[in-house]
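J.: What follows is coords_4.cif, mmCIF, C-alpha atoms.
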```
data_work
#
loop_
_atom_site.label_atom_id
_atom_site.label_comp_id
_atom_site.auth_asym_id
_atom_site.auth_seq_id
_atom_site.Cartn_x
_atom_site.Cartn_y
_atom_site.Cartn_z
CA MET L 6 -69.52 -11.42 178.70
CA SER L 7 -67.39 -11.38 181.88
CA ALA L 8 -68.84 -11.12 185.39
CA GLN L 9 -67.38 -7.65 185.82
CA ALA L 10 -68.96 -6.46 182.57
CA LYS L 11 -72.33 -7.87 183.61
CA LYS L 12 -72.08 -6.10 186.95
CA LYS L 13 -71.38 -2.81 185.21
CA SER L 14 -74.29 -3.31 182.84
CA ARG L 15 -76.66 -3.89 185.77
CA LYS L 16 -75.52 -0.72 187.55
CA PRO L 17 -78.26 1.93 187.22
CA SER L 18 -77.34 5.13 185.42
CA ARG L 19 -77.35 8.32 187.47
CA SER L 20 -79.79 11.05 186.57
CA MET L 21 -78.83 14.52 185.41
CA GLU L 22 -80.07 15.99 188.70
CA TYR L 23 -77.88 13.58 190.69
CA ASN L 24 -74.74 14.57 188.77
CA LEU L 25 -75.59 18.27 188.87
CA LEU L 26 -76.16 18.27 192.63
CA LEU L 27 -72.96 16.32 193.31
CA THR L 28 -70.88 18.52 191.00
CA ALA L 29 -72.15 21.78 192.52
CA THR L 30 -71.47 20.48 196.04
CA LEU L 31 -67.92 19.36 195.28
CA CYS L 32 -67.08 22.62 193.48
CA LEU L 33 -68.33 24.70 196.41
CA LEU L 34 -66.42 22.50 198.85
CA ALA L 35 -63.13 22.76 196.95
CA PHE L 36 -63.43 26.51 196.41
CA GLY L 37 -64.36 26.96 200.07
CA ALA L 38 -61.20 25.19 201.25
CA VAL L 39 -59.05 27.51 199.12
CA MET L 40 -60.80 30.64 200.39
CA VAL L 41 -60.74 29.52 204.04
CA PHE L 42 -56.96 29.19 203.79
CA SER L 43 -56.64 32.57 202.10
CA ALA L 44 -58.91 34.32 204.61
CA SER L 45 -57.42 32.76 207.74
CA SER L 46 -53.71 32.43 207.00
CA THR L 47 -53.00 36.17 207.16
CA THR L 48 -54.51 36.66 210.60
CA GLN L 49 -52.83 33.50 211.89
CA VAL L 50 -49.41 34.72 210.73
CA LEU L 51 -49.96 38.24 212.10
CA GLY L 52 -51.15 36.87 215.41
CA ASP L 53 -48.48 34.18 215.97
CA GLY L 54 -45.59 35.79 214.16
CA ASP L 55 -44.59 32.69 212.15
CA LEU L 56 -45.88 30.55 209.30
CA SER L 57 -46.15 27.29 211.23
CA ASN L 58 -49.78 27.85 212.22
CA SER L 59 -50.98 29.44 208.99
CA THR L 60 -52.77 26.26 207.88
CA PHE L 61 -54.65 25.68 211.15
CA PHE L 62 -58.15 26.32 209.77
CA LEU L 63 -57.35 24.70 206.42
CA LYS L 64 -56.35 21.44 208.12
CA ARG L 65 -59.58 21.32 210.10
CA THR L 66 -61.63 22.12 207.03
CA VAL L 67 -59.97 19.30 205.07
CA ILE L 68 -60.39 16.79 207.90
CA PHE L 69 -64.05 17.56 208.54
CA GLY L 70 -64.68 17.82 204.81
CA ALA L 71 -63.27 14.32 204.31
CA VAL L 72 -65.41 12.94 207.14
CA GLY L 73 -68.42 14.72 205.71
CA LEU L 74 -67.82 13.22 202.26
CA VAL L 75 -67.69 9.72 203.75
CA VAL L 76 -70.98 10.38 205.58
CA MET L 77 -72.48 11.78 202.39
CA HIS L 78 -71.45 8.69 200.41
CA LEU L 79 -72.87 6.28 202.98
CA LEU L 80 -76.16 8.15 203.24
CA ALA L 81 -76.42 8.42 199.46
CA ARG L 82 -76.24 4.63 199.16
CA HIS L 83 -77.87 3.19 202.28
CA GLY L 84 -78.99 5.93 204.66
CA LEU L 85 -82.49 7.12 203.77
CA LYS L 86 -84.50 4.43 205.52
CA LEU L 87 -82.10 4.34 208.46
CA VAL L 88 -82.31 8.08 209.02
CA ALA L 89 -86.11 8.00 208.68
CA ASN L 90 -86.30 5.36 211.41
CA LEU L 91 -83.86 7.25 213.64
CA THR L 92 -85.49 10.66 213.21
CA PRO L 93 -87.15 10.65 216.68
CA VAL L 94 -83.76 9.85 218.24
CA ILE L 95 -82.00 12.57 216.22
CA LEU L 96 -84.64 15.12 217.22
CA ALA L 97 -84.43 14.16 220.89
CA VAL L 98 -80.61 14.38 220.86
CA SER L 99 -80.74 17.82 219.23
CA PHE L 100 -83.12 19.08 221.95
CA LEU L 101 -80.89 17.67 224.69
CA LEU L 102 -77.86 19.40 223.17
CA LEU L 103 -79.73 22.70 222.88
CA ILE L 104 -80.58 22.47 226.57
CA ALA L 105 -77.06 21.39 227.53
CA VAL L 106 -75.40 24.24 225.68
CA MET L 107 -77.11 26.75 227.97
CA GLY L 108 -75.47 25.24 231.03
CA MET L 109 -72.07 24.05 229.78
CA GLY L 110 -71.63 25.79 226.43
CA ASN L 111 -68.70 27.92 225.29
CA THR L 112 -69.33 31.65 224.95
CA VAL L 113 -67.75 33.46 221.98
CA ASN L 114 -68.46 37.15 221.22
CA GLY L 115 -71.39 37.19 223.64
CA ALA L 116 -73.12 34.11 222.18
CA THR L 117 -73.23 30.64 223.78
CA ARG L 118 -73.72 28.40 220.76
CA TRP L 119 -71.02 25.73 221.02
CA ILE L 120 -70.49 22.75 223.26
CA GLY L 121 -67.39 20.62 223.71
CA GLY L 122 -63.82 21.70 223.31
CA GLY L 123 -60.84 21.65 221.01
CA PHE L 124 -61.22 19.46 217.97
CA LEU L 125 -64.69 18.14 218.94
CA GLN L 126 -66.47 21.45 219.43
CA ILE L 127 -69.97 21.27 217.89
CA GLN L 128 -72.88 23.65 217.36
CA PRO L 129 -76.18 21.98 218.37
CA SER L 130 -78.35 24.42 216.40
CA GLU L 131 -76.90 23.08 213.15
CA LEU L 132 -78.13 19.59 213.99
CA ALA L 133 -81.46 20.90 215.29
CA LYS L 134 -82.50 22.69 212.11
CA ALA L 135 -81.83 19.58 210.00
CA ALA L 136 -83.64 17.40 212.55
CA LEU L 137 -86.75 19.59 212.30
CA ILE L 138 -86.87 19.07 208.52
CA LEU L 139 -86.46 15.31 208.96
CA TYR L 140 -89.22 15.24 211.55
CA GLY L 141 -91.54 17.41 209.44
CA ALA L 142 -91.05 15.28 206.33
CA GLY L 143 -91.88 12.12 208.28
CA VAL L 144 -94.97 13.51 210.02
CA LEU L 145 -96.41 15.29 206.98
CA ALA L 146 -95.81 12.27 204.75
CA ALA L 147 -97.54 9.92 207.18
CA ARG L 148 -100.47 12.29 207.81
CA PRO L 149 -101.12 14.31 204.63
CA LYS L 150 -104.34 15.82 206.00
CA MET L 151 -102.40 17.78 208.64
CA VAL L 152 -101.73 20.66 206.27
CA ARG L 153 -105.42 21.34 205.62
CA SER L 154 -105.69 23.62 208.66
CA LEU L 155 -103.58 25.45 211.22
CA SER L 156 -104.94 23.24 213.98
CA GLY L 157 -103.83 20.16 212.05
CA MET L 158 -100.29 21.53 211.68
CA ALA L 159 -100.15 22.59 215.33
CA PRO L 160 -98.28 19.50 216.65
CA TYR L 161 -95.43 20.01 214.18
CA LEU L 162 -95.39 23.79 214.59
CA LEU L 163 -95.18 23.46 218.39
CA VAL L 164 -92.06 21.30 218.06
CA VAL L 165 -90.53 23.88 215.71
CA ALA L 166 -91.43 26.73 218.07
CA ALA L 167 -89.86 24.93 221.04
CA ALA L 168 -86.59 24.37 219.15
CA CYS L 169 -86.51 27.99 217.93
CA ALA L 170 -87.10 29.25 221.49
CA LEU L 171 -84.09 27.27 222.72
CA ILE L 172 -81.95 28.60 219.85
CA MET L 173 -83.02 32.17 220.64
CA LEU L 174 -81.73 31.77 224.20
CA GLN L 175 -78.15 31.34 222.85
CA PRO L 176 -78.94 33.88 221.15
CA ASP L 177 -78.96 33.06 217.41
CA LEU L 178 -81.65 34.86 215.43
CA GLY L 179 -79.99 34.00 212.10
CA THR L 180 -80.36 30.25 212.60
CA VAL L 181 -83.98 30.74 213.68
CA MET L 182 -84.70 32.64 210.45
CA VAL L 183 -83.10 29.90 208.36
CA THR L 184 -85.11 27.23 210.19
CA VAL L 185 -88.39 29.09 209.76
CA PHE L 186 -87.88 29.56 206.02
CA ALA L 187 -86.92 25.89 205.55
CA VAL L 188 -89.95 24.70 207.52
CA GLY L 189 -92.13 27.01 205.43
CA ALA L 190 -90.76 25.46 202.23
CA THR L 191 -91.56 22.00 203.61
CA LEU L 192 -95.14 23.07 204.34
CA VAL L 193 -95.50 24.51 200.83
CA ALA L 194 -94.30 21.22 199.33
CA ALA L 195 -96.77 19.37 201.57
CA GLY L 196 -99.67 21.39 200.12
CA ALA L 197 -100.46 23.83 202.93
CA ARG L 198 -103.11 26.42 202.13
CA PRO L 199 -101.81 29.89 201.11
CA ARG L 200 -104.08 31.54 203.69
CA ASP L 201 -102.55 29.52 206.52
CA LEU L 202 -99.04 30.23 205.26
CA MET L 203 -99.77 33.96 205.15
CA LEU L 204 -101.05 33.89 208.73
CA LEU L 205 -97.93 32.04 209.85
CA ALA L 206 -95.69 34.47 207.97
CA GLY L 207 -97.43 37.44 209.56
CA GLY L 208 -97.05 35.97 213.05
CA VAL L 209 -93.37 35.12 212.54
CA GLY L 210 -92.64 38.52 211.03
CA GLY L 211 -94.25 40.33 213.95
CA ALA L 212 -92.40 38.22 216.50
CA THR L 213 -89.09 38.87 214.70
CA MET L 214 -89.59 42.62 214.77
CA LEU L 215 -90.30 42.50 218.50
CA LEU L 216 -87.16 40.44 219.10
CA ILE L 217 -85.11 42.99 217.15
CA LEU L 218 -86.58 46.10 218.76
CA PHE L 219 -86.35 44.88 222.36
CA GLU L 220 -82.73 43.63 222.14
CA PRO L 221 -80.13 46.45 221.98
CA TYR L 222 -77.48 44.66 219.89
CA ARG L 223 -80.07 43.53 217.31
CA ARG L 224 -81.46 47.04 217.13
CA GLU L 225 -77.95 48.37 216.51
CA ARG L 226 -77.47 45.85 213.69
CA LEU L 227 -80.68 47.00 212.06
CA ILE L 228 -79.59 50.65 212.35
CA GLY L 229 -76.16 49.72 210.97
CA PHE L 230 -77.88 48.12 207.97
CA LEU L 231 -80.18 51.06 207.30
CA ASN L 232 -77.51 53.72 207.86
CA PRO L 233 -73.98 52.29 208.26
CA GLY L 234 -72.36 55.71 208.22
CA ALA L 235 -74.20 56.80 211.35
CA ASP L 236 -71.81 54.68 213.45
CA ALA L 237 -68.94 53.78 211.14
CA ALA L 238 -66.71 52.65 214.00
CA GLY L 239 -69.42 50.69 215.79
CA SER L 240 -72.58 49.02 214.45
CA GLY L 241 -71.82 49.99 210.84
CA PHE L 242 -68.13 48.95 210.86
CA GLN L 243 -68.53 45.42 209.52
CA ALA L 244 -71.00 46.43 206.81
CA ILE L 245 -68.74 49.26 205.62
CA GLN L 246 -65.63 47.05 205.53
CA ALA L 247 -67.53 44.41 203.55
CA LYS L 248 -68.53 47.02 200.97
CA ILE L 249 -64.93 48.24 200.74
CA ALA L 250 -63.75 44.69 200.12
CA MET L 251 -66.36 44.08 197.45
CA GLY L 252 -65.60 47.37 195.74
CA SER L 253 -61.83 46.85 195.85
CA GLY L 254 -62.10 43.58 193.97
CA GLY L 255 -63.69 45.07 190.88
CA PHE L 256 -64.52 42.63 188.09
CA THR L 257 -61.61 40.16 188.35
CA GLY L 258 -60.34 40.74 191.90
CA VAL L 259 -56.89 41.53 193.26
CA GLY L 260 -55.81 37.86 193.27
CA ILE L 261 -56.22 35.00 195.70
CA GLY L 262 -54.12 35.68 198.80
CA ASP L 263 -53.56 39.38 197.98
CA GLY L 264 -56.58 40.82 199.75
CA VAL L 265 -56.14 43.43 202.48
CA GLN L 266 -59.51 43.61 204.22
CA LYS L 267 -59.11 40.16 205.80
CA ALA L 268 -56.17 41.49 207.87
CA TYR L 269 -58.27 42.48 210.90
CA TYR L 270 -60.54 44.84 208.96
CA LEU L 271 -63.17 42.17 208.42
CA PRO L 272 -64.15 40.46 211.69
CA GLU L 273 -64.50 36.67 211.30
CA ALA L 274 -63.32 36.86 207.69
CA HIS L 275 -63.02 33.07 207.31
CA THR L 276 -66.54 32.38 208.63
CA ASP L 277 -69.49 34.75 208.20
CA MET L 278 -67.71 37.28 205.97
CA ILE L 279 -65.88 34.94 203.61
CA ALA L 280 -67.98 36.17 200.69
CA ALA L 281 -66.41 39.61 201.15
CA VAL L 282 -62.95 38.04 200.86
CA ILE L 283 -64.09 36.28 197.68
CA GLY L 284 -65.37 39.58 196.30
CA GLU L 285 -62.04 41.31 196.97
CA GLU L 286 -59.70 38.56 195.76
CA VAL L 287 -61.73 36.98 192.93
CA GLY L 288 -63.97 39.94 192.14
CA LEU L 289 -67.42 39.99 190.61
CA ILE L 290 -66.55 36.83 188.69
CA GLY L 291 -66.06 34.95 191.95
CA ILE L 292 -69.34 36.15 193.48
CA ALA L 293 -71.17 35.35 190.23
CA GLY L 294 -69.59 31.88 190.13
CA ILE L 295 -70.65 31.14 193.71
CA SER L 296 -74.16 32.36 192.94
CA VAL L 297 -74.41 30.16 189.83
CA LEU L 298 -73.28 27.10 191.77
CA PHE L 299 -75.96 27.65 194.39
CA MET L 300 -78.57 28.19 191.69
CA LEU L 301 -77.57 24.90 190.09
CA PHE L 302 -77.76 23.29 193.51
CA GLY L 303 -81.28 24.63 194.03
CA PHE L 304 -82.41 23.64 190.53
CA ALA L 305 -81.16 20.08 190.99
CA GLY L 306 -82.61 19.83 194.49
CA PHE L 307 -86.12 20.93 193.58
CA ARG L 308 -86.10 18.75 190.47
CA ILE L 309 -85.17 15.78 192.64
CA ALA L 310 -88.03 16.63 194.99
CA GLN L 311 -90.42 16.84 192.05
CA GLY L 312 -89.40 13.41 190.75
CA ALA L 313 -89.22 11.61 194.12
CA LYS L 314 -90.90 8.21 194.22
CA ASP L 315 -92.76 8.80 197.48
CA ARG L 316 -94.15 11.68 199.50
CA TYR L 317 -91.48 11.42 202.19
CA GLY L 318 -88.66 11.86 199.68
CA LYS L 319 -90.42 14.82 198.09
CA LEU L 320 -90.89 16.69 201.36
CA LEU L 321 -87.44 15.82 202.67
CA VAL L 322 -85.54 17.01 199.60
CA ALA L 323 -87.64 20.18 199.30
CA GLY L 324 -86.96 21.07 202.93
CA LEU L 325 -83.23 20.29 202.82
CA THR L 326 -82.75 22.20 199.56
CA ALA L 327 -84.45 25.24 201.06
CA LEU L 328 -82.38 24.87 204.24
CA ILE L 329 -79.12 25.25 202.32
CA LEU L 330 -80.31 27.84 199.81
CA VAL L 331 -81.77 30.16 202.47
CA GLN L 332 -78.43 30.19 204.29
CA ALA L 333 -76.62 31.09 201.07
CA VAL L 334 -79.06 33.87 200.19
CA ILE L 335 -79.01 35.43 203.67
CA ASN L 336 -75.20 35.35 203.83
CA LEU L 337 -74.64 36.81 200.35
CA PHE L 338 -77.30 39.50 200.80
CA ALA L 339 -75.82 40.54 204.16
CA VAL L 340 -72.28 40.81 202.77
CA MET L 341 -73.48 42.86 199.78
CA GLY L 342 -75.43 45.23 202.07
CA MET L 343 -78.87 44.02 200.99
CA ALA L 344 -79.83 42.54 204.39
CA PRO L 345 -78.79 42.99 208.03
CA LEU L 346 -75.82 40.97 209.26
CA THR L 347 -77.02 37.82 211.03
CA GLY L 348 -73.98 35.58 211.47
CA VAL L 349 -75.27 32.88 209.08
CA PRO L 350 -72.37 31.00 207.37
CA LEU L 351 -72.11 30.38 203.65
CA PRO L 352 -72.78 26.63 203.19
CA PHE L 353 -69.79 24.50 202.05
CA VAL L 354 -67.61 27.64 201.80
CA SER L 355 -67.38 29.25 205.24
CA TYR L 356 -65.30 27.66 207.96
CA GLY L 357 -67.50 25.72 210.37
CA ASN L 358 -67.16 22.07 211.30
CA SER L 359 -70.76 21.43 212.40
CA SER L 360 -72.23 23.31 209.46
CA LEU L 361 -70.05 21.43 206.99
CA LEU L 362 -70.86 17.97 208.39
CA VAL L 363 -74.61 18.60 208.55
CA SER L 364 -74.71 20.13 205.06
CA LEU L 365 -72.87 17.18 203.50
CA ALA L 366 -75.14 14.74 205.34
CA CYS L 367 -78.16 16.58 203.90
CA VAL L 368 -76.68 16.26 200.40
CA GLY L 369 -76.22 12.52 200.95
CA LEU L 370 -79.92 12.09 201.71
CA MET L 371 -80.82 14.15 198.65
CA LEU L 372 -78.59 12.00 196.45
CA ASN L 373 -80.27 8.89 197.84
CA VAL L 374 -83.67 10.18 196.75
CA ALA L 375 -82.21 11.22 193.38
CA SER L 376 -81.08 7.64 192.77
CA GLY L 377 -84.60 6.34 193.38
CA GLY L 378 -84.41 5.61 197.11
CA THR L 379 -87.57 5.49 199.24
CA ILE L 380 -88.21 4.61 202.86
CA ALA L 381 -89.94 1.42 201.63
CA SER L 382 -87.31 0.50 199.02
CA ARG L 383 -86.05 -2.55 200.94
CA ARG L 384 -89.41 -3.96 201.90
CA ALA L 385 -89.93 -7.54 200.70
CA THR L 386 -92.16 -7.98 197.66
CA PRO L 387 -95.13 -10.33 198.41
CA LYS L 388 -95.00 -13.68 196.63
CA PRO L 389 -97.74 -14.41 194.07
CA ARG L 390 -100.40 -16.90 195.03
CA ALA L 391 -99.98 -20.51 193.92
CA ALA L 392 -103.66 -20.94 192.94
CA PRO L 393 -103.31 -19.50 189.41
CA ALA L 394 -100.44 -21.91 188.72
CA ARG L 395 -102.58 -24.93 189.73
CA ALA L 396 -105.47 -23.69 187.63
CA LYS L 397 -103.19 -23.32 184.66
CA SER L 398 -101.73 -26.81 185.01
CA ALA L 399 -105.11 -28.59 185.36
CA PRO L 400 -106.01 -28.50 181.63
CA SER L 401 -102.67 -30.09 180.68
CA ARG L 402 -103.37 -33.12 182.91
CA THR L 403 -106.86 -33.48 181.48
CA GLY L 404 -105.56 -33.21 177.93
CA ALA L 405 -102.97 -35.89 178.64
CA ALA L 406 -105.63 -38.21 180.00
CA ALA L 407 -107.80 -37.66 176.92
CA ALA L 408 -104.87 -38.39 174.63
CA ASN L 409 -104.36 -41.76 176.38
CA GLY L 410 -108.04 -42.70 175.92
CA LYS L 411 -108.86 -42.02 179.59
CA LEU L 412 -111.82 -39.87 180.58
CA ARG L 413 -112.14 -38.09 183.87
CA VAL L 414 -115.14 -36.32 185.27
CA VAL L 415 -113.82 -33.22 186.91
CA ALA L 416 -117.01 -31.49 188.01
CA GLY L 417 -118.51 -33.08 191.09
CA GLY L 418 -122.17 -33.48 192.21
CA GLY L 419 -125.39 -32.52 190.45
CA GLU L 420 -127.55 -34.05 187.70
CA GLY L 421 -125.32 -32.68 184.96
CA ALA L 422 -122.32 -34.53 186.37
CA ARG L 423 -124.20 -37.86 186.58
CA ARG L 424 -125.51 -37.45 183.00
CA ARG L 425 -121.98 -36.88 181.68
CA GLU L 426 -120.80 -39.93 183.63
CA ARG L 427 -123.48 -42.21 182.10
CA SER L 428 -122.62 -40.86 178.62
CA ALA L 429 -118.98 -41.66 179.17
CA ARG L 430 -119.86 -45.25 180.20
CA GLY L 431 -122.06 -45.72 177.14
CA SER L 432 -119.35 -44.63 174.76
CA ALA L 433 -116.90 -46.93 176.49
CA LYS L 434 -119.19 -50.03 176.04
CA GLY L 435 -119.24 -49.52 172.26
CA GLY L 436 -115.49 -49.99 171.98
CA HIS L 437 -113.67 -53.10 170.74
CA SER L 438 -110.69 -52.94 173.05
CA ARG L 439 -110.66 -54.32 176.57
CA GLY L 440 -108.01 -51.86 177.49
CA ARG L 441 -110.22 -48.97 176.55
CA ASN L 442 -113.16 -50.38 178.54
CA SER L 443 -111.02 -50.99 181.60
CA GLY L 444 -109.48 -47.56 181.16
CA THR L 445 -112.94 -46.04 180.94
CA ARG L 446 -114.12 -47.89 184.04
CA ARG L 447 -111.07 -46.67 185.90
CA ALA L 448 -111.79 -43.18 184.66
CA GLY L 449 -115.39 -43.41 185.71
CA HIS L 450 -114.45 -44.75 189.11
CA GLY L 451 -111.87 -42.00 189.49
CA GLY L 452 -114.45 -39.40 188.54
CA ARG L 453 -116.90 -40.64 191.18
CA ARG L 454 -114.19 -40.71 193.79
CA ARG L 455 -113.01 -37.21 192.85
CA ALA L 456 -116.55 -35.89 192.83
CA SER L 457 -117.20 -37.27 196.28
CA ARG L 458 -114.38 -35.26 197.85
#
```
When written as structure tokens, how does the structure in this file appear?

T.:
Amino acid sequence: MSAQAKKKSRKPSRSMEYNLLLTATLCLLAFGAVMVFSASSTTQVLGDGDLSNSTFFLKRTVIFGAVGLVVMHLLARHGLKLVANLTPVILAVSFLLLIAVMGMGNTVNGATRWIGGGFLQIQPSELAKAALILYGAGVLAARPKMVRSLSGMAPYLLVVAAACALIMLQPDLGTVMVTVFAVGATLVAAGARPRDLMLLAGGVGGATMLLILFEPYRRERLIGFLNPGADAAGSGFQAIQAKIAMGSGGFTGVGIGDGVQKAYYLPEAHTDMIAAVIGEEVGLIGIAGISVLFMLFGFAGFRIAQGAKDRYGKLLVAGLTALILVQAVINLFAVMGMAPLTGVPLPFVSYGNSSLLVSLACVGLMLNVASGGTIASRRATPKPRAAPARAKSAPSRTGAAAANGKLRVVAGGGEGARRRERSARGSAKGGHSRGRNSGTRRAGHGGRRRASR
């Protein structure tokens, strides 16, 4: 057998969950690139007046998607232990960026959520929500007893509350909701008591209602969700246009690229409202296909968490799976009129450089756990003690000495040892060979010397 064939035979086979997760991710990514181009090209042409800039968002999606795939591949092979060790640094950097965005961030549509400029514009909240799951998985895996009470979980919950408070200052209630649900899933996987989870849910729900009622634009969004027709040109405009797009598509859609609602009727059609473009151009089949892919993603993710080799991998994959699924559910429900609009993107499909990079990095860590990775996978295995080997080899030396007519007294000290020594001398005197007698005397002498050690 050749060296290449042997190398292939030693390569571990990938599990069904690994292949399913990777396939669902790549399908969503490819379909998202097509729909980003379809949703953004029309507005780019209408705004600039020529076709030269029609692929602006597609190019960025492809570039950041390629970078994200490289990151995903590296993390899937080597990144779990590295990321676990760097989690405190990642969390600290995410907090620093959340603070920095308030002073030097870029404001778009009344929200200051981005920092940087041009090609390197990033959204710190995307990194922060993943960092909180990484931190929670590490803390809860190292201290399993934390989840037995609210006071035990308090250190982790205070870190989450501080990050959510900074995100709310941007403001970004949608990201806070996604983070809270993902943290809750991590606590469930860690074994938190249902009573404590219900108390936390009640507190978070009450705080969310207060945030909505005391902020005018959030209150208008809630009213637009409950009764879009009350202000069809204002708070209910986006919800009504999304319903028109979904209804126009019917079962099979009007065809990719032939949609009308994306031409300035749907605000931010290539980001938050891309599901409405899918519903118009691909129809119910497209929405059902997207939903099935996310269900397969969730099934594979939770199965990987269930079969993880250590507690850290279990909690990490459960939290990251929930982080991506919650975003998908909130986005799809909002577009279909089943939840208020929150500005949460559709993972892997909506345009968003930071969201795409972080999501693919999360998938890489999940694939690492699916392939059997643990945070202790590269720790050196302790060498076995040498004592058993010496004990095993002792009888062979004794047997060889007996076969050559030589006797050795192994046990040292005591009356029993001296009696066996005298017996050995007596049997040696009865022999007819000088060699045997001299051999016996040497054996006896060696026994006394060995016993005296």

J.: Got a sec: who's within 7 Å of segment 249-262 of chain L, counting only C-alpha atoms, leaving out chain neighbours fewer than 4 positions off, as a PyMOL selection string?

T.: chain L and resi 43+245+266+281-282+284-290

J.: Which residues match the PyMOL selection byres ((chain L and resi 358) around 8) in the file above, as a list in words?

T.: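 Those residues are Arg65, Thr66, Phe69, Ile127, Tyr356, Gly357, Ser359, Ser360, Leu361 and Leu362 of chain L.
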
J.: Using all atoms listed in the file, which of L:Phe353, L:Leu204, L:Thr379, L:Gly196 sits nearest Arg148 of chain L?

T.: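 Ranking L:Phe353, L:Leu204, L:Thr379, L:Gly196 by distance to Arg148 of chain L, first place goes to L:Gly196.
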
J.: Which polymer residues have any atom within 8 Å of an atom of Ala89 of chain L, counting only C-alpha atoms, with same-chain residues fewer than 3 positions away left out, as a PyMOL selection string?

T.: chain L and resi 85-86+92+139+143+380

J.: Enumerate, as a list in words, the residues matched when the PyMOL selection byres ((chain L and resi 24-35) around 9) is run on the file above.

T.: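 After applying the PyMOL selection byres ((chain L and resi 24-35) around 9), what remains is Arg19, Ser20, Met21, Glu22, Tyr23, Phe36, Gly37, Ala38, Val39, Met40, Gly70, Ile295, Leu298, Phe299, Leu301, Phe302, Gly303, Phe304, Ala305, Gly306, Pro352, Phe353, Val354, Leu361, Leu365, Val368, Met371 and Leu372 of chain L.
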
J.: Find the distance between atom CA of Lys134 of chain L and atom CA of Arg224 of chain L and write it in Å to one decimal.

T.: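 Atom-to-atom, atom CA of Lys134 of chain L and atom CA of Arg224 of chain L are spaced 24.9 Å apart.
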
J.: For a test of reading the model, state the distance in Å between atom CA of Ala293 of chain L and atom CA of His275 of chain L, rounded to one decimal.

T.: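 So the answer is 19.1 Å.
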
J.: Just to confirm, what's the straight-line distance from atom CA of Tyr161 of chain L to atom CA of Gly108 of chain L in Å (one decimal)?

T.: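 Separation between atom CA of Tyr161 of chain L and atom CA of Gly108 of chain L: 26.6 Å.
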
J.: Using the chain letters and numbers from the file, which residues does the PyMOL selection byres ((chain L and resi 318-327) around 10) grab, as number ranges by chain?

T.: L: 85, 89, 134-135, 137-143, 145-146, 183-184, 186-195, 302-317, 328-333, 364, 367-368, 370-375, 377-380

J.: Go through L:Ser376, L:Thr60, L:Gln246, L:Thr213 one by one, measure the shortest atom-to-atom distance of each to Leu271 of chain L using only C-alpha atoms, and give the residue with the smallest value.

T.: L:Gln246
